[in-house]
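Asks: Below is final31.txt; it holds compact mmCIF, C-alpha atoms and all ligand atoms.
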```txt
# COMPACT_ATOMS: atom_id res chain seq x y z
CA MET A 1 74.84 93.86 126.67
CA ILE A 2 72.47 90.91 126.92
CA SER A 3 70.27 91.36 129.96
CA GLY A 4 67.97 88.40 129.49
CA VAL A 5 67.35 85.32 127.36
CA SER A 6 64.30 83.08 127.49
CA VAL A 7 63.09 80.31 125.22
CA ALA A 8 59.48 79.30 124.76
CA GLY A 9 59.02 76.45 122.32
CA ALA A 10 60.99 77.36 119.21
CA THR A 11 61.08 81.10 120.00
CA ALA A 12 64.05 82.79 121.65
CA SER A 13 63.40 86.15 123.35
CA ILE A 14 66.47 88.22 123.95
CA ALA A 15 66.80 91.50 125.81
CA LEU A 16 69.60 93.55 124.32
CA LYS A 17 70.88 96.74 125.93
CA LEU A 18 72.73 99.17 123.71
CA THR A 19 75.28 101.41 125.40
CA ILE A 20 73.97 104.71 124.06
CA VAL A 21 71.02 106.21 122.24
CA GLY A 22 71.78 106.27 118.52
CA CYS A 23 74.58 103.71 118.83
CA PRO A 24 76.20 103.60 115.36
CA ALA A 25 76.56 99.83 115.57
CA ALA A 26 72.95 99.20 116.70
CA ASP A 27 71.80 97.52 113.49
CA THR A 28 74.89 95.34 113.27
CA ILE A 29 74.65 94.27 116.89
CA GLU A 30 70.94 93.44 116.62
CA ARG A 31 71.53 91.49 113.40
CA ASP A 32 74.44 89.57 114.94
CA VAL A 33 72.34 88.70 117.99
CA ARG A 34 69.48 87.50 115.79
CA GLU A 35 71.81 85.41 113.63
CA ALA A 36 73.56 83.89 116.64
CA ALA A 37 70.26 82.97 118.29
CA ALA A 38 68.74 81.63 115.05
CA SER A 39 71.76 79.39 114.53
CA VAL A 40 70.90 77.45 117.71
CA SER A 41 69.26 74.17 116.81
CA GLY A 42 65.55 74.08 117.66
CA ILE A 43 65.11 77.87 117.37
CA SER A 44 62.99 79.03 114.47
CA SER A 45 62.08 82.55 115.54
CA VAL A 46 63.92 85.23 117.49
CA ASP A 47 62.50 88.28 119.28
CA VAL A 48 65.02 90.95 120.20
CA ASP A 49 63.92 93.61 122.65
CA VAL A 50 66.32 96.54 122.28
CA SER A 51 66.71 99.09 125.06
CA ILE A 52 69.41 101.46 126.29
CA MET A 53 71.68 100.98 129.31
CA THR A 54 71.25 103.18 132.35
CA ARG A 55 74.17 105.32 133.51
CA ALA A 56 74.91 102.78 136.26
CA GLU A 57 74.92 99.91 133.76
CA ARG A 58 77.29 101.84 131.48
CA ASP A 59 79.63 102.52 134.42
CA ALA A 60 79.59 98.82 135.30
CA LEU A 61 80.42 97.93 131.69
CA THR A 62 83.38 100.31 131.42
CA ASP A 63 84.68 99.12 134.81
CA LYS A 64 84.42 95.54 133.66
CA LEU A 65 86.18 96.21 130.35
CA ARG A 66 88.95 98.08 132.13
CA GLY A 67 89.36 95.06 134.40
CA GLY A 68 89.80 97.17 137.51
CA ARG A 69 92.82 98.92 136.03
CA ALA A 70 93.18 102.67 136.48
CA LYS A 71 92.59 104.85 133.45
CA THR A 72 96.06 105.24 132.03
CA VAL A 73 97.99 104.69 128.81
CA GLN A 74 97.52 101.04 127.85
CA PHE A 75 100.52 99.03 126.69
CA GLY A 76 102.70 100.26 129.58
CA PRO A 77 106.08 98.74 130.38
CA ASP A 78 104.53 95.55 131.76
CA SER A 79 102.26 94.97 128.78
CA LEU A 80 102.86 91.80 126.81
CA THR A 81 101.58 93.36 123.59
CA ARG A 82 104.14 93.54 120.81
CA ILE A 83 104.05 96.98 119.27
CA TYR A 84 105.27 97.64 115.75
CA ALA A 85 105.35 101.21 114.49
CA VAL A 86 105.42 101.28 110.70
CA THR A 87 107.16 104.31 109.29
CA SER A 88 108.55 105.56 106.00
CA GLY A 89 110.66 108.44 104.79
CA LYS A 90 108.15 109.73 102.31
CA GLY A 91 104.50 109.27 101.47
CA GLY A 92 103.05 106.93 98.88
CA VAL A 93 105.44 104.04 99.41
CA GLY A 94 102.64 101.72 100.56
CA LYS A 95 103.05 102.01 104.32
CA SER A 96 99.31 102.12 105.08
CA THR A 97 98.45 99.41 102.55
CA LEU A 98 101.03 97.10 104.09
CA THR A 99 100.09 97.93 107.70
CA ALA A 100 96.42 97.19 107.02
CA ASN A 101 97.11 93.92 105.21
CA LEU A 102 99.70 92.90 107.79
CA GLY A 103 97.16 93.48 110.58
CA VAL A 104 94.57 91.32 108.86
CA ALA A 105 97.14 88.61 108.12
CA LEU A 106 98.25 88.61 111.77
CA ALA A 107 94.63 88.38 112.95
CA ALA A 108 94.12 85.47 110.55
CA THR A 109 96.84 83.57 112.43
CA GLY A 110 94.62 83.80 115.52
CA LEU A 111 96.35 86.74 117.21
CA ARG A 112 94.43 89.62 118.77
CA VAL A 113 95.40 92.64 116.71
CA GLY A 114 94.81 96.38 116.86
CA ILE A 115 95.82 99.11 114.45
CA VAL A 116 96.25 102.77 115.36
CA ASP A 117 96.18 104.89 112.23
CA ALA A 118 98.25 107.86 113.34
CA ASP A 119 98.91 109.10 109.82
CA VAL A 120 97.38 112.51 110.36
CA PHE A 121 97.59 113.85 106.86
CA GLY A 122 97.10 110.59 105.01
CA PHE A 123 94.82 108.50 107.23
CA SER A 124 93.71 105.74 104.93
CA ILE A 125 93.55 102.56 107.00
CA PRO A 126 89.73 102.55 107.40
CA GLY A 127 89.26 102.82 103.63
CA ILE A 128 91.77 100.06 102.89
CA LEU A 129 90.00 97.80 105.40
CA GLY A 130 86.54 98.57 104.02
CA ILE A 131 85.26 100.54 107.03
CA ALA A 132 85.50 104.09 105.67
CA GLY A 133 82.89 106.16 107.49
CA ALA A 134 82.74 103.80 110.49
CA THR A 135 82.68 105.66 113.78
CA PRO A 136 83.75 104.37 117.17
CA THR A 137 81.13 103.91 119.89
CA GLN A 138 81.63 106.05 122.95
CA VAL A 139 80.63 104.60 126.32
CA ASN A 140 81.23 107.18 129.05
CA ASP A 141 84.86 108.14 128.50
CA MET A 142 85.72 104.86 126.81
CA ILE A 143 85.92 104.56 123.03
CA LEU A 144 85.10 101.20 121.46
CA PRO A 145 86.99 100.87 118.16
CA PRO A 146 85.29 99.51 115.01
CA LEU A 147 86.34 96.03 113.98
CA ALA A 148 87.48 95.13 110.45
CA HIS A 149 88.42 91.56 109.57
CA ASP A 150 88.93 90.84 113.29
CA VAL A 151 91.24 93.84 113.71
CA LYS A 152 90.36 96.66 116.12
CA VAL A 153 90.94 99.86 114.21
CA ILE A 154 91.16 103.43 115.40
CA SER A 155 92.05 106.27 113.06
CA ILE A 156 92.47 109.99 113.31
CA GLY A 157 90.13 110.10 110.32
CA MET A 158 87.28 108.83 112.55
CA PHE A 159 87.46 112.02 114.62
CA VAL A 160 87.77 114.60 111.89
CA PRO A 161 84.53 116.27 110.87
CA SER A 162 83.41 115.29 107.37
CA THR A 163 82.60 117.71 104.60
CA SER A 164 79.31 117.41 102.75
CA SER A 165 81.06 115.18 100.21
CA GLY A 166 81.92 112.78 103.01
CA GLN A 167 85.62 113.60 102.81
CA ALA A 168 87.47 114.50 105.99
CA ALA A 169 87.74 118.27 106.16
CA ASP A 170 91.08 120.01 105.76
CA ARG A 171 90.88 121.12 109.42
CA VAL A 172 93.26 118.33 110.22
CA VAL A 173 96.07 120.26 108.55
CA SER A 174 96.08 122.70 111.45
CA TRP A 175 96.91 119.96 113.96
CA ARG A 176 100.44 120.42 115.16
CA GLY A 177 102.65 118.97 117.88
CA PRO A 178 100.72 119.24 121.17
CA MET A 179 97.37 118.45 119.57
CA LEU A 180 98.80 115.40 117.81
CA HIS A 181 100.47 114.25 121.00
CA ARG A 182 97.22 114.56 122.96
CA THR A 183 95.31 112.69 120.27
CA ILE A 184 97.70 109.75 120.29
CA GLN A 185 97.74 109.78 124.08
CA GLN A 186 93.94 109.71 124.07
CA PHE A 187 93.90 106.81 121.62
CA LEU A 188 96.21 104.85 123.88
CA THR A 189 94.27 105.76 127.04
CA ASP A 190 90.59 105.91 126.11
CA VAL A 191 90.26 103.43 123.26
CA TYR A 192 89.34 100.01 124.57
CA PHE A 193 91.65 97.53 122.84
CA GLY A 194 91.48 94.84 125.52
CA ASP A 195 94.42 92.45 125.69
CA LEU A 196 96.15 92.57 122.34
CA ASP A 197 98.91 90.32 121.09
CA VAL A 198 100.02 92.84 118.49
CA LEU A 199 99.45 96.57 118.06
CA LEU A 200 100.42 98.12 114.73
CA LEU A 201 100.87 101.87 114.41
CA ASP A 202 100.70 103.52 111.01
CA LEU A 203 102.88 106.59 111.49
CA PRO A 204 102.90 109.59 109.17
CA PRO A 205 105.79 109.59 106.71
CA GLY A 206 108.91 111.50 107.65
CA THR A 207 110.41 112.56 110.90
CA GLY A 208 107.49 114.39 112.42
CA ASP A 209 105.99 115.09 115.80
CA ILE A 210 104.06 111.84 116.04
CA ALA A 211 107.19 109.73 115.79
CA ILE A 212 108.60 111.63 118.75
CA SER A 213 105.33 111.25 120.72
CA ILE A 214 105.32 107.51 120.09
CA GLY A 215 108.89 107.40 121.36
CA GLN A 216 107.72 109.00 124.61
CA LEU A 217 104.40 107.19 125.02
CA LEU A 218 105.43 103.73 123.82
CA PRO A 219 109.19 103.41 124.26
CA GLN A 220 108.95 99.66 123.73
CA ALA A 221 107.51 100.08 120.21
CA GLU A 222 109.71 98.53 117.57
CA ILE A 223 110.15 100.25 114.27
CA ILE A 224 109.57 98.77 110.81
CA VAL A 225 110.63 100.98 107.93
CA VAL A 226 108.91 100.79 104.54
CA THR A 227 110.77 101.90 101.44
CA THR A 228 110.61 101.37 97.71
CA PRO A 229 113.64 99.80 96.04
CA GLN A 230 114.85 103.20 94.77
CA PRO A 231 118.15 104.29 96.35
CA ALA A 232 116.88 107.85 96.88
CA ALA A 233 113.74 106.61 98.68
CA ALA A 234 115.81 104.29 100.84
CA GLU A 235 118.00 107.19 101.95
CA VAL A 236 114.97 109.21 103.07
CA ALA A 237 113.50 106.15 104.81
CA GLU A 238 116.72 105.75 106.70
CA ARG A 239 116.39 109.25 108.18
CA SER A 240 112.95 108.50 109.66
CA ALA A 241 114.35 105.34 111.23
CA LEU A 242 117.22 107.30 112.74
CA VAL A 243 114.78 109.71 114.43
CA ALA A 244 112.97 106.75 115.96
CA ARG A 245 116.27 105.37 117.18
CA GLN A 246 117.15 108.74 118.74
CA THR A 247 113.94 108.52 120.78
CA GLY A 248 115.10 105.16 122.11
CA GLN A 249 113.13 102.82 119.87
CA LYS A 250 114.53 99.75 118.25
CA VAL A 251 114.53 99.47 114.46
CA ILE A 252 113.87 95.83 113.68
CA GLY A 253 113.74 95.76 109.94
CA VAL A 254 112.93 97.15 106.53
CA ILE A 255 110.13 96.19 104.17
CA GLU A 256 110.93 96.80 100.53
CA ASN A 257 107.64 97.51 98.82
CA MET A 258 106.89 97.83 95.12
CA ALA A 259 109.67 95.42 94.30
CA GLY A 260 109.85 93.80 90.84
CA LEU A 261 106.70 93.19 88.82
CA ALA A 262 106.48 89.61 87.53
CA GLN A 263 106.02 89.46 83.73
CA PRO A 264 103.99 86.85 81.85
CA ASP A 265 107.25 85.38 80.44
CA GLY A 266 108.56 84.82 83.97
CA SER A 267 111.02 87.72 83.93
CA VAL A 268 110.82 90.46 86.54
CA LEU A 269 110.51 94.16 85.71
CA ASP A 270 112.17 96.34 88.36
CA ILE A 271 110.09 99.48 87.83
CA PHE A 272 111.53 101.20 90.89
CA GLY A 273 115.01 99.74 90.57
CA SER A 274 116.30 97.27 93.10
CA GLY A 275 118.32 96.99 96.25
CA GLY A 276 116.91 99.97 98.22
CA GLY A 277 115.64 97.77 101.05
CA ALA A 278 118.96 95.98 101.48
CA ASP A 279 120.86 99.29 101.29
CA ALA A 280 118.69 100.90 103.98
CA ALA A 281 118.94 97.81 106.20
CA SER A 282 122.70 97.60 105.97
CA ARG A 283 123.18 101.31 106.63
CA LEU A 284 120.83 101.16 109.63
CA SER A 285 122.51 98.08 111.10
CA THR A 286 124.83 98.48 114.03
CA ALA A 287 126.77 95.86 115.96
CA GLU A 288 124.17 95.92 118.76
CA GLU A 289 121.15 96.33 116.55
CA PRO A 290 121.24 94.40 113.30
CA VAL A 291 118.51 95.46 110.87
CA SER A 292 117.37 93.05 108.19
CA VAL A 293 115.08 93.16 105.17
CA LEU A 294 111.95 91.54 106.61
CA ALA A 295 110.13 91.22 103.30
CA ALA A 296 110.12 92.32 99.68
CA ILE A 297 106.57 92.91 98.48
CA PRO A 298 106.20 92.89 94.68
CA ILE A 299 104.19 95.43 92.75
CA SER A 300 100.70 94.01 92.59
CA ILE A 301 97.66 95.29 90.79
CA ALA A 302 95.47 93.20 93.10
CA LEU A 303 97.02 94.87 96.16
CA ARG A 304 96.27 98.32 94.76
CA GLU A 305 92.76 97.37 93.71
CA GLY A 306 92.10 95.71 97.08
CA GLY A 307 93.13 98.94 98.83
CA ASP A 308 90.78 100.98 96.67
CA ALA A 309 87.90 98.55 97.20
CA GLY A 310 88.42 98.05 100.94
CA LEU A 311 89.18 94.34 100.53
CA PRO A 312 92.57 93.32 101.94
CA ILE A 313 94.19 90.93 99.46
CA VAL A 314 95.54 88.67 102.19
CA ILE A 315 91.90 87.55 102.42
CA SER A 316 90.49 88.22 98.95
CA HIS A 317 93.52 87.04 96.89
CA PRO A 318 95.66 84.99 99.27
CA ASP A 319 97.59 83.47 96.33
CA ASP A 320 98.68 86.79 94.87
CA PRO A 321 102.48 87.02 95.25
CA ALA A 322 102.15 90.25 97.28
CA ALA A 323 99.56 88.63 99.59
CA ARG A 324 101.83 85.63 100.05
CA ALA A 325 104.78 87.89 100.91
CA ILE A 326 102.68 89.85 103.44
CA SER A 327 101.33 86.66 105.03
CA ALA A 328 104.86 85.26 105.28
CA LEU A 329 105.90 88.48 107.03
CA ALA A 330 102.95 88.12 109.41
CA GLY A 331 104.09 84.57 110.15
CA GLN A 332 107.58 85.89 111.00
CA LEU A 333 106.25 88.64 113.27
CA ALA A 334 103.68 86.36 114.92
CA VAL A 335 106.39 84.23 116.48
CA ARG A 336 108.67 87.06 117.63
CA GLY A 337 108.72 87.54 121.38
CA ARG A 338 108.10 90.85 123.05
CA GLY A 339 111.48 92.58 123.55
CA LEU A 340 112.71 93.65 126.97
CA ALA A 341 112.93 97.34 126.04
CA GLY A 342 111.20 99.48 128.63
CA ARG A 343 110.19 96.47 130.72
CA LYS A 344 111.06 96.27 134.41
CA LEU A 345 113.21 93.26 135.16
CA GLY A 346 112.31 91.71 138.49
CA PHE A 347 115.50 92.40 140.41
CA THR A 348 117.07 95.25 142.34
CA VAL A 349 120.65 96.31 142.88
CA THR A 350 121.70 96.22 146.55
N1 LIG B 1 103.05 96.62 96.22
C1 LIG B 1 102.21 97.48 95.64
N2 LIG B 1 101.83 97.29 94.35
C2 LIG B 1 100.97 98.16 93.74
N3 LIG B 1 100.43 99.22 94.33
C3 LIG B 1 100.77 99.45 95.62
C4 LIG B 1 101.67 98.60 96.34
N4 LIG B 1 101.79 99.09 97.60
C5 LIG B 1 101.01 100.18 97.68
N5 LIG B 1 100.41 100.42 96.48
C6 LIG B 1 99.52 101.53 96.13
O1 LIG B 1 100.28 102.73 96.27
C7 LIG B 1 99.47 103.79 96.75
C8 LIG B 1 100.07 104.40 98.01
O2 LIG B 1 99.96 103.45 99.05
P1 LIG B 1 99.69 103.87 100.56
O3 LIG B 1 98.61 104.85 100.65
O4 LIG B 1 99.60 102.61 101.34
O5 LIG B 1 101.07 104.61 100.85
P2 LIG B 1 101.56 105.33 102.17
O6 LIG B 1 103.03 105.12 102.22
O7 LIG B 1 100.79 104.91 103.35
O8 LIG B 1 101.25 106.82 101.84
P3 LIG B 1 100.89 108.00 102.88
O9 LIG B 1 101.81 107.83 104.03
O10 LIG B 1 101.16 109.21 102.06
O11 LIG B 1 99.48 107.79 103.24
C9 LIG B 1 98.08 103.20 96.96
O12 LIG B 1 97.31 103.46 95.83
C10 LIG B 1 98.35 101.70 97.08
O13 LIG B 1 97.24 100.92 96.66
```
Give the structure from the file, written as structure tokens.
Replies:
Amino acid sequence: MISGVSVAGATASIALKLTIVGCPAADTIERDVREAAASVSGISSVDVDVSIMTRAERDALTDKLRGGRAKTVQFGPDSLTRIYAVTSGKGGVGKSTLTANLGVALAATGLRVGIVDADVFGFSIPGILGIAGATPTQVNDMILPPLAHDVKVISIGMFVPSTSSGQAADRVVSWRGPMLHRTIQQFLTDVYFGDLDVLLLDLPPGTGDIAISIGQLLPQAEIIVVTTPQPAAAEVAERSALVARQTGQKVIGVIENMAGLAQPDGSVLDIFGSGGGADAASRLSTAEEPVSVLAAIPISIALREGGDAGLPIVISHPDDPAARAISALAGQLAVRGRGLAGRKLGFTVT
């Protein structure tokens, strides 16, 4: 996007080409360019000349970003990106809160991370990451996702028309199977994620259409199930994992969220009971596919407040017990290799 840089004395002149007229990120990009140029030693003033790319320049940009690859679903069988689909049996168990914080914690370890918020009825990832209202930039037929804490984020909520109050309209409720499938397919095809180390998918709770679409579009996705410690919640969570398994995906583990609340006297109050995560994991385990409890995340007021304020606690309160548990989980996932599911092995049978 930088078409020219010249320096005369202590003044840097920079020609910046935005992709489209009315680019939603124009101010941010111009400010970032100014700051970057001003940080160079010897530069005391910066002139930025902002113009708009021509059609040919836009085409060249999208070709370059696509790296010569045909327009197709990214993260195909040969992709090295590890894909974790986070699911739950029912809503409100903290799936989105954990996915968002996990993404930020993974990015903080230096990995390239993307999040697809596919929770149609409860899309909340942008709000939790502090980018509510952010819209992706469209360049030709390529969609550039907003960035939050170094995580590329795309959400169904970014494409739903807003009401006058700024809330996403209830139109989304009418989206059923084929429409949802096309939307997820479009996210995976048109959104420019670049080379990612990890892609997290926030699935809607339950055993719905999206889970089945993900099974078809991303058979190598591995499933992480979130449940509260309550036995009844764990049973429902188990069902959503079983649907994912029926579509050929591997269930790798369970996160028990809203585990015991630490009391000032050092004791732990199990508001939602205990043991649900371990129960779900043991019932989902098979001889070929052992499922473990990946993490137990305690109830945390800071985690809830961070979600409301758009400040992930893995950054704002890294010492909070919930933040520590999420970061430890990120550390575990960061070193896992990409499984062989869906990947072509380089030999043939003769
Ligand atoms: N460990 C926790 N301690 C305290 N509050 C939590 C915890 N985890 C999540 N919450 C809070 O619980 C509420 C529900 O969380 P969240 O929206 O992430 O759930 P969800 O499973 O994604 O729900 P849905 O799928 O219906 O969107 C939020 O207010 C969130 O801040």
Asks: Tell me which of A:Gly127, A:Pro205, A:Gly273, A:Pro318 sits closest to Gln230 of chain A, counting all atoms listed in the file.
Replies: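 Result for the nearest residue to Gln230 of chain A: A:Gly273.
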Asks: Env of Val120 of chain A: 8 Å cut, atoms = all atoms listed in the file, seq-sep filter 2 positions within chain, self excluded. Answer as an MDAnalysis selection string.
Replies: chainID A and resid 117:118 122:123 156:157 172 204
Asks: With all atoms listed in the file counted, collect every polymer residue having an atom within 6 Å of ligand LIG 1 (chain B); state the result as a list in words.
Replies: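 Those residues are Gly91, Gly92, Val93, Gly94, Lys95, Ser96, Thr97, Gly122, Pro204, Pro205, Asn257, Met258, Ile297, Pro298, Ile299, Ser300, Ile301, Leu303, Arg304 and Gly307 of chain A.
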Asks: Give me a file of those residues, with C-alpha atoms, as a compact mmCIF listing (two decimals), keeping the file's coordinate frame.
Replies:
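Result file again_17.txt:
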```txt
# COMPACT_ATOMS: atom_id res chain seq x y z
CA GLY A 91 104.50 109.27 101.47
CA GLY A 92 103.05 106.93 98.88
CA VAL A 93 105.44 104.04 99.41
CA GLY A 94 102.64 101.72 100.56
CA LYS A 95 103.05 102.01 104.32
CA SER A 96 99.31 102.12 105.08
CA THR A 97 98.45 99.41 102.55
CA GLY A 122 97.10 110.59 105.01
CA PRO A 204 102.90 109.59 109.17
CA PRO A 205 105.79 109.59 106.71
CA ASN A 257 107.64 97.51 98.82
CA MET A 258 106.89 97.83 95.12
CA ILE A 297 106.57 92.91 98.48
CA PRO A 298 106.20 92.89 94.68
CA ILE A 299 104.19 95.43 92.75
CA SER A 300 100.70 94.01 92.59
CA ILE A 301 97.66 95.29 90.79
CA LEU A 303 97.02 94.87 96.16
CA ARG A 304 96.27 98.32 94.76
CA GLY A 307 93.13 98.94 98.83
```
Asks: Can you tell me how far atom CA of Thr62 of chain A sits from atom CA of Gly215 of chain A, in Å to one decimal?
Replies: 28.3 Å
Asks: Between segment 20-103 of chain A and segment 324-328 of chain A, at 9 Å or less, what are the per-residue closest atom pairs and their distances in Å? Count only C-alpha atoms, order by chain and rising residue number, and return it as CSV.
Replies:
```
residue,atom,partner,partner_atom,distance
A:Leu98,CA,A:Ile326,CA,7.5
A:Asn101,CA,A:Ile326,CA,7.1
A:Leu102,CA,A:Ile326,CA,6.1
```
Asks: Between atom CA of Lys250 of chain A and atom CA of Ile128 of chain A, measure the distance and give it in Å to one decimal.
Replies: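 Taking atom CA of Lys250 of chain A as the start and atom CA of Ile128 of chain A as the end point, the length is 27.5 Å.
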Asks: Compile the contact shell of Ile224 of chain A as a PyMOL selection string: residues with an atom at most 12 Å away, counting only C-alpha atoms, same-chain residues fewer than 2 positions apart removed.
Replies: chain A and resi 83-89+95+98-99+102+200-203+221-222+226-227+237-238+240-242+244-245+249-256+277+280-281+284+291-295+329+333
Asks: Quick one: residues within 10 Å of Ala10 of chain A, all atoms listed in the file counted, chain neighbours fewer than 4 positions away excluded, as a ChimeraX atom specification?
Replies: /A:38,41-46
Asks: Under the rule that only C-alpha atoms are counted, which of A:Val160, A:Ile20, A:Leu147, A:Leu217 is the nearest residue to His181 of chain A?
Replies: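 Of the candidates, the smallest distance to His181 of chain A is held by A:Leu217.
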Asks: Neighbours of Gln74 of chain A within 9 Å (all atoms listed in the file; same-chain residues fewer than 6 positions away dropped), as a VMD selection string?
Replies: chain A and resid 188 to 194
Asks: Pick out the closest residue to Ile214 of chain A from this set: A:Ile271, A:Val33, A:Ala15, A:Val243. Count all atoms listed in the file.
Replies: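 Under the stated criterion, the closest residue is A:Val243.
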Asks: Return the single residue from A:Ala302, A:Ile212, A:Ala234, A:Ile223 that is closest to Gly276 of chain A, with distances computed using all atoms listed in the file.
Replies: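 Among the listed residues, A:Ala234 lies closest to Gly276 of chain A.
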Asks: Nearest to Gly114 of chain A: which of A:Leu16, A:Ala148, A:Ala60, A:Met158 is it, counting only C-alpha atoms?
Replies: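 Smallest separation from Gly114 of chain A among the options: A:Ala148.
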Asks: Extract, using all atoms listed in the file, all DNA, RNA and protein residues at most 12 Å from Phe159 of chain A, discarding same-chain residues fewer than 5 positions from it, and format them as a list in words.
Replies: Asp117, Ala118, Val120, Phe123, Gly133, Ala134, Thr135, Pro136, Thr137, Gln138, Ile143, Pro145, Ile154, Ala168, Ala169, Arg171, Val172, Thr183, Ile184, Gln186 and Phe187 of chain A
Asks: Expressed in Å to a single decimal, how great is the separation between atom CA of Asp119 of chain A and atom CA of Gly103 of chain A?
Replies: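 Distance between the two atoms: 15.7 Å.
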Asks: Which is closest to Cys23 of chain A among A:Ile52, A:Val116, A:Val268, A:Ala233, if we use only C-alpha atoms?
Replies: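 Looking only at the distances to Cys23 of chain A, the closest residue turns out to be A:Ile52.
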